[in-house]
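Colleague: structure38.cif is reproduced below (mmCIF, C-alpha atoms).
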data_run
#
loop_
_atom_site.label_atom_id
_atom_site.label_comp_id
_atom_site.auth_asym_id
_atom_site.auth_seq_id
_atom_site.Cartn_x
_atom_site.Cartn_y
_atom_site.Cartn_z
CA MET B 285 9.08 22.20 28.97
CA MET B 286 10.06 20.92 32.43
CA VAL B 287 12.08 17.72 32.59
CA GLY B 288 12.60 15.85 35.82
CA VAL B 289 14.85 12.85 36.41
CA ARG B 290 14.16 10.43 39.26
CA LEU B 291 16.00 7.43 40.59
CA THR B 292 15.87 5.53 43.84
CA ARG B 293 18.63 6.05 46.36
CA GLY B 294 19.56 2.38 46.14
CA LEU B 295 20.11 2.70 42.40
CA TYR B 296 22.01 5.97 42.82
CA GLU B 297 24.35 4.49 45.41
CA ARG B 298 24.91 1.36 43.34
CA ALA B 299 25.84 3.42 40.30
CA VAL B 300 28.10 5.85 42.13
CA ALA B 301 29.88 3.03 43.95
CA ASP B 302 30.66 1.41 40.63
CA LEU B 303 31.69 4.64 38.94
CA ARG B 304 34.11 5.45 41.75
CA ARG B 305 35.98 2.16 41.50
CA PRO B 306 39.49 2.62 40.15
CA HIS B 307 40.11 1.25 36.69
CA PRO B 308 43.37 -0.44 35.68
CA TYR B 309 44.20 2.32 33.19
CA ALA B 310 41.27 4.70 32.64
CA PHE B 311 41.14 7.77 34.88
CA GLU B 312 37.40 7.45 35.49
CA ARG B 313 34.56 5.09 34.79
CA VAL B 314 31.35 5.43 32.81
CA GLY B 315 28.14 3.44 32.86
CA PHE B 316 24.60 3.40 31.54
CA PHE B 317 21.25 3.80 33.25
CA SER B 318 18.10 2.28 31.82
CA ALA B 319 15.28 4.82 31.70
CA ARG B 320 11.56 4.98 31.18
CA MET B 321 9.28 7.86 30.38
CA GLY B 322 6.53 9.40 32.47
CA ASN B 323 4.20 12.15 31.32
CA ALA B 324 2.89 14.58 33.88
CA SER B 325 0.67 17.62 33.41
CA HIS B 326 1.45 20.92 31.67
CA GLY B 327 4.13 19.43 29.46
CA HIS B 328 6.12 18.20 32.45
CA ARG B 329 8.15 15.15 31.44
CA LEU B 330 9.65 12.61 33.80
CA VAL B 331 12.60 10.35 33.16
CA LEU B 332 12.56 7.43 35.57
CA LEU B 333 15.82 5.52 35.89
CA THR B 334 15.28 1.83 36.51
CA ASP B 335 18.63 0.04 36.39
CA TYR B 336 22.37 0.59 36.14
CA HIS B 337 24.82 -1.21 33.87
CA ALA B 338 28.55 -1.05 34.44
CA VAL B 339 30.94 -1.02 31.50
CA PRO B 340 33.33 -4.00 31.81
CA ASP B 341 37.00 -3.16 32.33
CA ASP B 342 38.06 -4.57 28.97
CA GLN B 343 35.67 -2.28 27.08
CA TYR B 344 37.72 0.81 27.95
CA VAL B 345 40.19 2.16 25.42
CA LYS B 346 43.57 3.53 26.53
CA ASP B 347 43.46 7.24 25.76
CA PRO B 348 45.57 9.65 27.82
CA LYS B 349 43.70 12.63 26.36
CA CYS B 350 40.47 11.91 28.26
CA GLY B 351 39.25 10.49 31.56
CA ALA B 352 37.58 7.47 29.99
CA ARG B 353 36.93 6.24 26.51
CA ILE B 354 34.82 3.15 25.84
CA ASN B 355 34.90 0.96 22.78
CA SER B 356 32.20 0.06 20.31
CA ASP B 357 31.35 -3.19 22.15
CA SER B 358 30.05 -1.22 25.13
CA ILE B 359 27.95 1.01 22.90
CA ARG B 360 26.59 -1.96 21.01
CA ALA B 361 25.68 -3.57 24.35
CA ALA B 362 23.81 -0.42 25.38
CA MET B 363 21.94 -0.37 22.07
CA GLN B 364 21.08 -4.05 22.41
CA ARG B 365 19.71 -3.41 25.92
CA VAL B 366 17.44 -0.73 24.51
CA LEU B 367 16.12 -3.24 21.99
CA ASP B 368 15.78 -6.04 24.53
CA THR B 369 14.18 -4.09 27.37
CA GLY B 370 12.33 -1.28 25.64
CA ALA B 371 13.99 1.13 28.06
CA GLY B 372 16.04 4.19 27.11
CA ALA B 373 19.71 4.60 28.00
CA PHE B 374 21.61 7.36 29.82
CA HIS B 375 25.38 7.60 29.68
CA VAL B 376 26.67 8.49 33.15
CA HIS B 377 29.93 9.37 34.84
CA VAL B 378 31.18 11.26 37.89
CA HIS B 379 33.27 14.40 38.32
CA GLU B 380 34.83 14.31 41.75
CA HIS B 381 34.16 17.77 43.11
CA PRO B 382 31.38 19.47 45.08
CA GLY B 383 28.89 21.76 43.36
CA THR B 384 27.09 21.67 40.06
CA PRO B 385 29.10 19.67 37.52
CA ARG B 386 29.58 20.71 33.91
CA PHE B 387 29.99 18.44 30.93
CA SER B 388 33.49 18.76 29.52
CA PRO B 389 33.94 19.86 25.90
CA MET B 390 34.75 16.26 25.06
CA ASP B 391 31.58 15.02 26.82
CA ALA B 392 29.54 17.59 24.92
CA GLU B 393 31.08 16.59 21.62
CA GLU B 394 31.24 12.80 21.85
CA THR B 395 28.36 11.62 24.06
CA PRO B 396 25.64 13.04 21.80
CA ARG B 397 27.00 10.75 19.06
CA VAL B 398 26.35 7.78 21.32
CA VAL B 399 22.87 9.11 22.02
CA THR B 400 22.20 9.37 18.29
CA GLY B 401 22.81 5.64 17.99
CA LEU B 402 20.60 4.91 20.98
CA ARG B 403 17.76 6.96 19.49
CA VAL B 404 17.92 4.95 16.28
CA VAL B 405 17.16 1.71 18.12
CA GLY B 406 14.86 3.31 20.71
CA PRO B 407 13.03 6.23 19.12
CA PHE B 408 10.17 6.07 21.64
CA GLN B 409 12.35 6.10 24.75
CA PRO B 410 14.19 8.90 26.53
CA HIS B 411 17.98 8.89 26.22
CA GLY B 412 20.68 11.19 27.43
CA MET B 413 23.75 11.94 29.45
CA LEU B 414 24.02 12.32 33.18
CA LEU B 415 26.87 13.67 35.24
CA PHE B 416 27.21 13.42 39.01
CA SER B 417 29.47 15.47 41.23
CA GLU B 418 29.94 14.79 44.92
CA ASP B 419 26.63 16.46 45.78
CA ARG B 420 24.96 17.66 42.58
CA ALA B 421 24.15 16.42 39.11
CA ALA B 422 23.42 17.62 35.60
CA ALA B 423 21.57 15.88 32.81
CA LEU B 424 20.81 16.43 29.16
CA VAL B 425 17.71 14.60 28.01
CA TRP B 426 16.70 13.67 24.48
CA LEU B 427 12.95 13.10 24.63
CA PRO B 428 11.11 10.99 22.05
CA GLY B 429 10.26 13.13 19.06
CA VAL B 430 12.21 16.15 20.31
CA PRO B 431 15.34 16.79 18.22
CA GLU B 432 17.33 18.92 20.64
CA PRO B 433 18.37 17.88 24.15
CA LEU B 434 16.78 19.54 27.15
CA LYS B 435 18.48 20.31 30.42
CA ALA B 436 16.88 18.50 33.36
CA ASN B 437 15.28 20.98 35.73
CA LYS B 438 15.18 18.64 38.70
CA ILE B 439 17.11 15.46 39.46
CA ALA B 440 15.66 13.69 42.47
CA VAL B 441 17.22 10.85 44.42
CA VAL B 442 14.18 9.17 45.95
CA GLY B 443 14.95 7.59 49.28
CA PHE B 444 16.20 8.40 52.76
CA PRO B 445 16.68 11.34 52.51
CA LEU B 446 14.87 12.66 49.45
CA THR B 447 17.47 14.81 47.69
CA PHE B 448 17.33 17.19 44.77
CA LEU B 449 20.75 17.01 43.14
CA GLU B 450 20.24 19.63 40.48
CA GLY B 451 20.00 23.32 41.28
CA ALA B 452 19.24 24.54 44.77
CA MET X 289 6.18 39.53 55.60
CA GLY X 290 9.05 39.62 58.07
CA GLU X 291 12.42 38.25 57.09
CA ASP X 292 12.58 36.03 60.16
CA ARG X 293 9.50 34.01 59.35
CA PHE X 294 11.26 30.66 59.47
CA ASP X 295 13.90 31.48 62.07
CA ARG X 296 12.28 29.22 64.65
CA GLN X 297 12.73 26.23 62.36
CA SER X 298 16.30 27.04 61.36
CA PHE X 299 17.41 23.93 63.27
CA LEU X 300 16.24 22.00 60.19
CA GLY X 301 19.47 23.01 58.50
CA ALA X 302 20.95 25.90 56.58
CA GLY X 303 19.67 24.75 53.21
CA SER X 304 16.36 23.37 54.40
CA GLN X 305 13.98 26.16 53.42
CA PRO X 306 14.93 26.24 49.71
CA VAL X 307 14.48 22.46 49.60
CA ILE X 308 11.08 22.70 51.28
CA GLU X 309 10.03 25.44 48.89
CA ARG X 310 11.21 23.50 45.86
CA ALA X 311 9.36 20.29 46.70
CA VAL X 312 6.01 19.69 45.04
CA VAL X 313 3.63 18.12 47.53
CA GLY X 314 0.47 16.30 46.57
CA VAL X 315 -2.42 15.87 48.97
CA MET X 316 -5.04 13.34 47.93
CA GLY X 317 -8.19 13.86 49.95
CA LEU X 318 -8.89 17.07 51.85
CA GLY X 319 -11.16 15.90 54.62
CA GLY X 320 -10.28 15.55 58.27
CA GLY X 321 -6.70 14.42 57.57
CA GLY X 322 -5.83 16.25 54.36
CA SER X 323 -7.08 19.63 55.55
CA HIS X 324 -4.75 19.39 58.54
CA VAL X 325 -1.87 18.35 56.28
CA VAL X 326 -2.29 21.32 53.94
CA GLN X 327 -2.48 23.78 56.82
CA GLN X 328 0.70 22.46 58.37
CA LEU X 329 2.59 22.28 55.08
CA ALA X 330 1.76 25.94 54.53
CA HIS X 331 2.98 26.84 58.00
CA VAL X 332 6.23 24.98 57.37
CA GLY X 333 6.68 26.95 54.17
CA PHE X 334 5.88 24.58 51.34
CA LEU X 335 5.05 26.54 48.21
CA ARG X 336 3.98 24.07 45.54
CA TYR X 337 0.84 21.97 45.93
CA VAL X 338 -1.22 19.57 43.89
CA ILE X 339 -4.47 18.84 45.70
CA TYR X 340 -7.47 16.67 44.88
CA ASP X 341 -10.88 16.17 46.41
CA PRO X 342 -14.18 15.78 44.58
CA ASP X 343 -16.38 16.83 47.48
CA VAL X 344 -17.95 20.04 48.76
CA VAL X 345 -18.17 21.03 52.41
CA GLU X 346 -21.14 19.54 54.25
CA GLU X 347 -22.53 20.15 57.72
CA SER X 348 -21.14 16.85 58.96
CA ASN X 349 -17.60 17.93 57.98
CA LEU X 350 -17.48 20.88 60.36
CA ASN X 351 -16.45 18.75 63.33
CA ARG X 352 -13.03 18.19 61.76
CA LEU X 353 -12.39 19.96 58.46
CA VAL X 354 -9.70 22.55 59.16
CA GLY X 355 -10.50 25.93 57.62
CA ALA X 356 -14.14 25.19 56.78
CA THR X 357 -16.91 27.47 58.02
CA GLU X 358 -20.69 27.43 58.22
CA SER X 359 -20.85 29.66 55.17
CA ASP X 360 -18.90 27.02 53.22
CA VAL X 361 -21.70 24.59 54.02
CA ARG X 362 -24.33 27.06 52.79
CA GLU X 363 -22.34 27.83 49.64
CA LYS X 364 -21.34 24.23 49.00
CA THR X 365 -17.70 25.27 48.76
CA PRO X 366 -15.46 22.60 47.27
CA LYS X 367 -12.98 21.24 49.80
CA VAL X 368 -10.12 22.12 47.46
CA GLU X 369 -11.17 25.78 47.71
CA VAL X 370 -11.03 25.62 51.50
CA ALA X 371 -7.55 24.14 51.29
CA LYS X 372 -6.46 26.82 48.80
CA ARG X 373 -7.79 29.51 51.13
CA VAL X 374 -5.78 28.09 54.02
CA ALA X 375 -2.61 27.74 51.94
CA PHE X 376 -2.85 31.21 50.39
CA GLY X 377 -3.70 32.72 53.76
CA LEU X 378 -0.36 31.53 55.07
CA ARG X 379 1.69 31.86 51.88
CA SER X 380 0.25 34.22 49.33
CA GLU X 381 2.91 33.22 46.80
CA ALA X 382 1.94 29.54 46.95
CA ILE X 383 1.33 27.71 43.68
CA VAL X 384 -1.69 25.47 44.12
CA GLU X 385 -3.03 23.15 41.45
CA ALA X 386 -6.47 22.21 42.76
CA TYR X 387 -8.69 19.54 41.24
CA THR X 388 -12.30 19.02 42.26
CA GLN X 389 -12.22 15.40 41.23
CA ARG X 390 -10.74 12.07 42.20
CA TRP X 391 -7.09 11.85 41.26
CA GLN X 392 -7.80 8.75 39.20
CA GLU X 393 -9.86 10.87 36.81
CA ASN X 394 -6.89 13.15 36.11
CA PRO X 395 -3.70 11.45 37.26
CA GLU X 396 -1.07 13.41 35.32
CA PRO X 397 -0.71 16.35 37.74
CA LEU X 398 -0.04 13.90 40.57
CA ARG X 399 3.03 12.53 38.77
CA ALA X 400 4.88 15.84 39.06
CA CYS X 401 4.77 15.63 42.88
CA ASP X 402 7.88 14.89 44.90
CA ILE X 403 5.95 13.64 47.94
CA LEU X 404 2.37 12.40 48.14
CA PHE X 405 0.10 12.46 51.16
CA GLY X 406 -2.65 9.86 51.00
CA CYS X 407 -5.57 10.99 53.14
CA LEU X 408 -8.11 8.63 51.66
CA ASP X 409 -10.84 6.36 52.88
CA GLY X 410 -10.66 2.67 52.22
CA PHE X 411 -8.07 0.10 51.33
CA GLY X 412 -8.76 -0.02 47.60
CA GLU X 413 -8.14 3.72 47.28
CA ARG X 414 -4.85 3.28 49.11
CA ARG X 415 -3.78 0.42 46.88
CA GLU X 416 -4.45 2.51 43.77
CA LEU X 417 -2.55 5.52 45.08
CA GLU X 418 0.40 3.44 46.16
CA ALA X 419 0.54 1.76 42.75
CA ALA X 420 0.68 5.19 41.10
CA SER X 421 3.30 6.45 43.54
CA ARG X 422 5.50 3.45 42.84
CA ARG X 423 5.11 3.73 39.10
CA TYR X 424 6.35 7.34 39.16
CA LEU X 425 8.90 6.97 41.99
CA ILE X 426 7.16 9.20 44.52
CA PRO X 427 7.33 8.64 48.30
CA LEU X 428 3.83 8.20 49.70
CA ILE X 429 2.83 9.08 53.25
CA ASP X 430 -0.49 7.48 54.09
CA ILE X 431 -2.60 8.37 57.09
CA GLY X 432 -5.89 6.98 58.28
CA MET X 433 -7.98 6.35 61.34
CA ASP X 434 -10.86 4.17 62.31
CA ILE X 435 -13.09 3.50 65.29
CA HIS X 436 -14.23 0.02 66.21
CA ARG X 437 -16.52 -1.28 68.88
CA VAL X 438 -16.16 -4.80 70.24
CA GLY X 439 -19.06 -6.06 72.33
CA ASP X 440 -19.92 -3.79 75.22
CA GLU X 441 -16.44 -2.31 75.50
CA PRO X 442 -15.83 1.37 74.86
CA PRO X 443 -15.08 2.25 71.21
CA ARG X 444 -11.47 1.68 70.18
CA MET X 445 -9.84 4.46 68.20
CA GLY X 446 -6.84 3.58 66.08
CA GLY X 447 -4.91 4.86 63.13
CA GLN X 448 -1.71 4.60 61.13
CA ILE X 449 0.99 6.58 59.44
CA ILE X 450 2.88 4.74 56.72
CA LEU X 451 5.74 5.99 54.62
CA SER X 452 5.90 3.88 51.48
CA MET X 453 9.20 4.54 49.73
CA PRO X 454 9.81 3.40 46.15
CA GLY X 455 12.40 0.65 46.28
CA GLY X 456 11.40 -0.23 49.85
CA PRO X 457 8.59 -2.20 51.46
CA CYS X 458 5.09 -1.33 50.28
CA MET X 459 1.81 -1.47 52.18
CA PHE X 460 1.44 -5.13 51.18
CA CYS X 461 4.95 -5.91 52.48
CA LEU X 462 4.08 -4.12 55.72
CA GLY X 463 0.94 -6.20 56.11
CA PHE X 464 -1.34 -3.18 56.11
CA LEU X 465 -2.88 -4.19 52.80
CA ASN X 466 -3.77 -7.77 52.01
CA GLU X 467 -6.34 -9.64 50.03
CA ARG X 468 -8.55 -10.08 53.06
CA THR X 469 -8.74 -6.38 53.89
CA LEU X 470 -9.34 -5.52 50.26
CA ALA X 471 -12.09 -8.11 50.07
CA ARG X 472 -13.71 -6.57 53.11
CA GLU X 473 -13.70 -3.20 51.43
CA GLY X 474 -17.35 -3.48 50.59
CA GLU X 475 -18.23 -4.07 54.19
CA ARG X 476 -18.58 -1.36 56.80
CA TYR X 477 -15.27 0.32 57.60
CA GLY X 478 -16.14 1.03 61.24
CA ASP X 479 -18.94 0.21 63.57
CA ALA X 480 -19.36 3.35 65.69
CA GLY X 481 -21.70 5.04 63.22
CA ALA X 482 -21.27 6.02 59.60
CA ARG X 483 -17.58 6.77 58.96
CA PRO X 484 -16.71 7.88 62.46
CA GLN X 485 -14.23 10.76 62.34
CA VAL X 486 -13.12 13.36 64.84
CA ILE X 487 -10.56 16.10 64.67
CA TRP X 488 -8.01 15.19 67.32
CA PRO X 489 -6.71 11.86 65.97
CA ASN X 490 -6.55 13.40 62.50
CA GLY X 491 -4.44 16.16 63.98
CA VAL X 492 -2.01 13.68 65.53
CA LEU X 493 -1.74 11.66 62.33
CA ALA X 494 -1.42 14.69 60.04
CA SER X 495 1.19 16.35 62.27
CA THR X 496 3.25 13.19 62.35
CA ALA X 497 2.95 12.79 58.58
CA VAL X 498 4.13 16.35 57.96
CA GLY X 499 7.01 15.75 60.36
CA VAL X 500 8.01 12.67 58.38
CA ALA X 501 7.94 14.69 55.14
CA VAL X 502 10.08 17.47 56.59
CA ASP X 503 12.56 14.95 57.93
CA LEU X 504 12.64 13.20 54.57
CA LEU X 505 13.52 16.44 52.79
CA THR X 506 15.85 18.04 55.32
CA ASP X 507 17.27 14.93 57.04
CA TRP X 508 17.36 16.98 60.23
CA THR X 509 17.19 13.92 62.50
CA GLN X 510 19.68 11.97 60.36
CA SER X 511 17.84 8.90 61.55
CA LEU X 512 14.98 8.38 59.10
CA ARG X 513 16.46 5.55 57.05
CA SER X 514 13.71 3.02 56.48
CA ALA X 515 9.98 2.58 56.03
CA VAL X 516 7.69 4.19 58.56
CA TYR X 517 4.73 2.30 59.97
CA MET X 518 3.38 3.86 63.14
CA GLU X 519 0.22 2.89 64.90
CA TYR X 520 -1.91 5.29 66.84
CA ASP X 521 -3.92 4.23 69.86
CA GLY X 522 -6.48 6.95 70.34
CA ASN X 523 -7.78 5.53 73.61
CA ARG X 524 -4.36 5.69 75.22
CA GLY X 525 -3.10 8.65 73.25
CA THR X 526 0.03 6.80 72.10
CA LEU X 527 1.89 6.56 68.85
CA ARG X 528 4.49 3.85 68.35
CA GLN X 529 6.29 1.82 65.73
CA HIS X 530 4.14 -1.01 64.45
CA ALA X 531 5.28 -4.48 65.49
CA ARG X 532 5.19 -5.68 61.88
CA LEU X 533 8.28 -3.62 61.07
CA GLN X 534 10.31 -6.23 63.00
CA TYR X 535 9.21 -9.00 60.69
CA LEU X 536 9.92 -7.37 57.34
CA ARG X 537 11.66 -9.66 54.89
CA GLU X 538 15.00 -8.55 53.49
CA GLY X 539 15.25 -7.66 49.85
CA ALA X 540 13.34 -5.74 47.25
CA CYS X 541 9.57 -5.32 47.34
CA PRO X 542 8.11 -8.16 45.26
CA HIS X 543 4.87 -6.29 44.60
CA TYR X 544 6.34 -3.35 42.68
CA PRO X 545 9.39 -4.43 40.61
CA ALA X 546 12.01 -1.76 39.87
CA ALA X 547 11.44 -1.97 36.12
CA ALA X 548 7.67 -1.47 36.40
CA VAL X 549 7.83 2.29 36.35
CA GLY X 550 6.77 5.05 33.99
CA ASP X 551 4.04 5.21 31.42
CA VAL X 552 2.87 1.91 30.05
CA VAL X 553 4.06 1.76 26.44
CA LEU X 554 3.18 -0.90 23.90
CA LEU X 555 6.15 -1.39 21.61
#
Any chance you could give the structure as structure tokens?
Modeller:
Amino acid sequence: MMVGVRLTRGLYERAVADLRRPHPYAFERVGFFSARMGNASHGHRLVLLTDYHAVPDDQYVKDPKCGARINSDSIRAAMQRVLDTGAGAFHVHVHEHPGTPRFSPMDAEETPRVVTGLRVVGPFQPHGMLLFSEDRAAALVWLPGVPEPLKANKIAVVGFPLTFLEGA
Amino acid sequence: MGEDRFDRQSFLGAGSQPVIERAVVGVMGLGGGGSHVVQQLAHVGFLRYVIYDPDVVEESNLNRLVGATESDVREKTPKVEVAKRVAFGLRSEAIVEAYTQRWQENPEPLRACDILFGCLDGFGERRELEAASRRYLIPLIDIGMDIHRVGDEPPRMGGQIILSMPGGPCMFCLGFLNERTLAREGERYGDAGARPQVIWPNGVLASTAVGVAVDLLTDWTQSLRSAVYMEYDGNRGTLRQHARLQYLREGACPHYPAAAVGDVVLL
């Protein structure tokens, strides 16, 4: 199954600008995208990102073992947004290097737990985790009704220019 | 095939050809405009196509339909088959999804496209395609031409190229679509005969549209940063930015809100 992720350049730039802001004590920032589903032909699925939500400074937990850890208030807020808007939620952060980014072992272990909670309140929406580098991106997508996450095959920033962040 | 096939367009950038080959392009309507677009996309090296047109080749198409022959008229060849022949003739490894129907009858393949070319007749058709392109976050490049006659003056030939970018101004914002033009849809579209069409303005419009798409993907000019609305004056042979671009209001498009994307789901 092919999975594509699309977002407008304005939304991409807004998110990245927020995620690159220094935090008083965390080493990096995280945020959440709202997402909606689009079905194309031949089993092609589209995840369309519609909005970005920053995590407030006071919802970060001091943890020197990782770049950023957020508290339960931020996760509850993300779950509430899913309920209020009917849109899915994607956890997002940035790794500051060029080339295809990889989720860290901690990302791979902890973020899926957040997604599990999101899927409980939004079983009919797409959820997942998204990681930007300086010029690429990677995403794992949990589609409605599909138990295991799928790697996004194409992540498109729609604007001037039109850029494919994933792959080459 | 030689290894230097795209050497002459290497100025587009070192990574441009893989990007061009990765993009899925949709062409809606394969008449005078769309047939030109497909031919040029194939020359540029695009590999993945989704094309729609419900019609077969008729005698009256031969004055402008690129790739069509007299035998296509006799055999009632679908226009999508002519376009496939042109695309495969230039790139045998092309992947072409061809639909002999209106896109509205089978819209899902269109959603997988990265760029759409609207080569359609009429304002209502344009409104529907733009609504779909916005809902699935796909840039839409619309082309069209018309010929008008006013009094005893020579016919006036005009046309447009519009790049409608999700998140940016739409064809309503640009003033190309409005309630008045849509209401006039039922009236005659031109007055120099039934649907006046000739090949040379379609060539200008299609070439410019393909150029916009290549720039969008490769950013070779590093200057394409906002909506495109160009007007073509076929009597003078000029193409220039439309004056309405100067009067665009700041801010998000009010006609297609950012949250109104994706499949409609009743929760």
Colleague: I'd like the interatomic distance between CA of Phe444 in chain B and CA of Gly412 in chain B, to a tenth of an Å.
Modeller: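 Distance reported for this atom pair: 25.9 Å.
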Colleague: Using all atoms listed in the file, which residue out of X:His324, X:Pro454, X:Phe334, X:Lys372 lies closest to Pro489 in chain X?
Modeller: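 So, comparing all the options, the nearest one is X:His324.
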Colleague: Return the single residue from B:Ser417, B:Thr447, B:Asn437, B:Ser358 that is closest to chain X, with distances computed using only C-alpha atoms.
Modeller: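 Distance minimum relative to chain X lands on B:Thr447.
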Colleague: Find the spatial neighbours of range 308-310 of chain B, counting only C-alpha atoms, within a cut-off of 8 Å - ignore same-chain residues fewer than 6 positions away - and output them as a PyMOL selection string.
Modeller: chain B and resi 341+344-347+351-353
Colleague: Applying the PyMOL selection byres ((chain X) within 10 of (chain B)) to the file I just gave you, which residues come out? Please list them as a ChimeraX atom specification.
Modeller: /X:303,306-307,310-311,394-403,423-427,453-456,501-508,510-515,545-555
Colleague: Compare X:Phe464, X:Phe299, X:Tyr340, X:Tyr387 by their minimum atom-to-atom distance to Phe405 in chain X, counting all atoms listed in the file, and give me the closest one.
Modeller: X:Tyr340
Colleague: Taking the point (8.6, 30.8, 52.0) as given in the file, collect each protein or nucleic acid residue that comes within 8 Å of it, counting all atoms listed in the file, and present the set as a list in words.
Modeller: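 Here is the list of nearby residues: Phe294, Gln305, Glu309, Gly333, Phe334, Leu335 and Arg379 of chain X.
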Colleague: Please provide as a PDB file with C-alpha atoms, in the coordinates of the input all residues within 10 Å of Ile487 in chain X, with the sequence filter that same-chain residues fewer than 5 positions apart are discarded (counting all atoms listed in the file).
Modeller:
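Wrote it out as part.pdb, contents follow:
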ATOM      1  CA  GLY X 320     -10.280  15.550  58.270  1.00  0.00           C
ATOM      2  CA  GLY X 321      -6.700  14.420  57.570  1.00  0.00           C
ATOM      3  CA  HIS X 324      -4.750  19.390  58.540  1.00  0.00           C
ATOM      4  CA  ASN X 349     -17.600  17.930  57.980  1.00  0.00           C
ATOM      5  CA  LEU X 350     -17.480  20.880  60.360  1.00  0.00           C
ATOM      6  CA  ASN X 351     -16.450  18.750  63.330  1.00  0.00           C
ATOM      7  CA  ARG X 352     -13.030  18.190  61.760  1.00  0.00           C
ATOM      8  CA  LEU X 353     -12.390  19.960  58.460  1.00  0.00           C
ATOM      9  CA  VAL X 354      -9.700  22.550  59.160  1.00  0.00           C
ATOM     10  CA  VAL X 492      -2.010  13.680  65.530  1.00  0.00           C
TER      11      VAL X 492
END
Colleague: Give as an MDAnalysis selection string the residues that the PyMOL selection byres ((chain B and resi 380-394) around 8) matches when applied to the coordinates above.
Modeller: chainID B and resid 350 378:379 395:398 415:422 450:451
Colleague: Written as a list in words, which residues does the PyMOL selection byres ((chain X and resi 369) around 10) give for the file shown?
Modeller: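 What the PyMOL selection byres ((chain X and resi 369) around 10) grabs from the file is Leu318, Ile339, Asp341, Val344, Val345, Gly355, Ala356, Asp360, Thr365, Pro366, Lys367, Val368, Val370, Ala371, Lys372, Arg373, Val374, Ala375, Ala386, Tyr387 and Thr388 of chain X.
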Colleague: I'd like the interatomic distance between CA of Leu451 in chain X and CA of Ile431 in chain X, to a tenth of an Å.
Modeller: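 Atom-to-atom, CA of Leu451 in chain X and CA of Ile431 in chain X are spaced 9.0 Å apart.
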Colleague: Using CA of Thr496 in chain X and CA of Met459 in chain X as the two end points, give the distance in Å to one decimal.
Modeller: 17.9 Å
Colleague: Give me the residues near Gly522 in chain X as an MDAnalysis selection string, where near means some atom within 7 Å (using only C-alpha atoms) and where sequence neighbours in that chain fewer than 2 positions away do not count.
Modeller: chainID X and resid 445:446 489 520 524:526
Colleague: Show me as a list in words the residues that reach within 7 Å of (10.4, -3.8, 47.1), counting only C-alpha atoms and using the file's own coordinates.
Modeller: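 The answer, in the requested form, is Gly455, Gly456, Pro457, Cys458, Gly539, Ala540, Cys541, Pro542, His543, Tyr544 and Pro545 of chain X.
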Colleague: Pull C-alpha atoms from the residues just selected and write them as a PDB file, in the coordinates of the input.
Modeller:
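out.pdb, written as the output of this step:
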ATOM      1  CA  GLY X 455      12.400   0.650  46.280  1.00  0.00           C
ATOM      2  CA  GLY X 456      11.400  -0.230  49.850  1.00  0.00           C
ATOM      3  CA  PRO X 457       8.590  -2.200  51.460  1.00  0.00           C
ATOM      4  CA  CYS X 458       5.090  -1.330  50.280  1.00  0.00           C
ATOM      5  CA  GLY X 539      15.250  -7.660  49.850  1.00  0.00           C
ATOM      6  CA  ALA X 540      13.340  -5.740  47.250  1.00  0.00           C
ATOM      7  CA  CYS X 541       9.570  -5.320  47.340  1.00  0.00           C
ATOM      8  CA  PRO X 542       8.110  -8.160  45.260  1.00  0.00           C
ATOM      9  CA  HIS X 543       4.870  -6.290  44.600  1.00  0.00           C
ATOM     10  CA  TYR X 544       6.340  -3.350  42.680  1.00  0.00           C
ATOM     11  CA  PRO X 545       9.390  -4.430  40.610  1.00  0.00           C
TER      12      PRO X 545
END
Colleague: Compile the contact shell of Leu424 in chain B as an MDAnalysis selection string: residues with an atom at most 7 Å away, counting only C-alpha atoms, same-chain residues fewer than 3 positions apart removed.
Modeller: chainID B and resid 412:414 433:436
Colleague: Reconstruct N, CA and C atoms of range 503-509 of chain X from the incomplete input and present them as a CSV table (one decimal), in the frame of the given file.
Modeller:
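The resulting file, result-v1.csv, is shown below:
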chain,number,residue,atom,x,y,z
X,503,ASP,N,11.3,15.7,57.6
X,503,ASP,CA,12.6,15.0,57.9
X,503,ASP,C,13.1,14.3,56.7
X,504,LEU,N,12.2,13.8,55.8
X,504,LEU,CA,12.6,13.2,54.6
X,504,LEU,C,13.4,14.2,53.7
X,505,LEU,N,12.9,15.4,53.7
X,505,LEU,CA,13.5,16.4,52.8
X,505,LEU,C,14.8,17.1,53.4
X,506,THR,N,14.8,17.3,54.7
X,506,THR,CA,15.8,18.0,55.3
X,506,THR,C,16.9,17.1,56.0
X,507,ASP,N,16.4,15.9,56.3
X,507,ASP,CA,17.3,14.9,57.0
X,507,ASP,C,17.8,15.5,58.4
X,508,TRP,N,16.9,16.3,59.0
X,508,TRP,CA,17.4,17.0,60.2
X,508,TRP,C,17.6,16.0,61.4
X,509,THR,N,16.9,14.9,61.4
X,509,THR,CA,17.2,13.9,62.5
X,509,THR,C,18.3,13.0,62.2
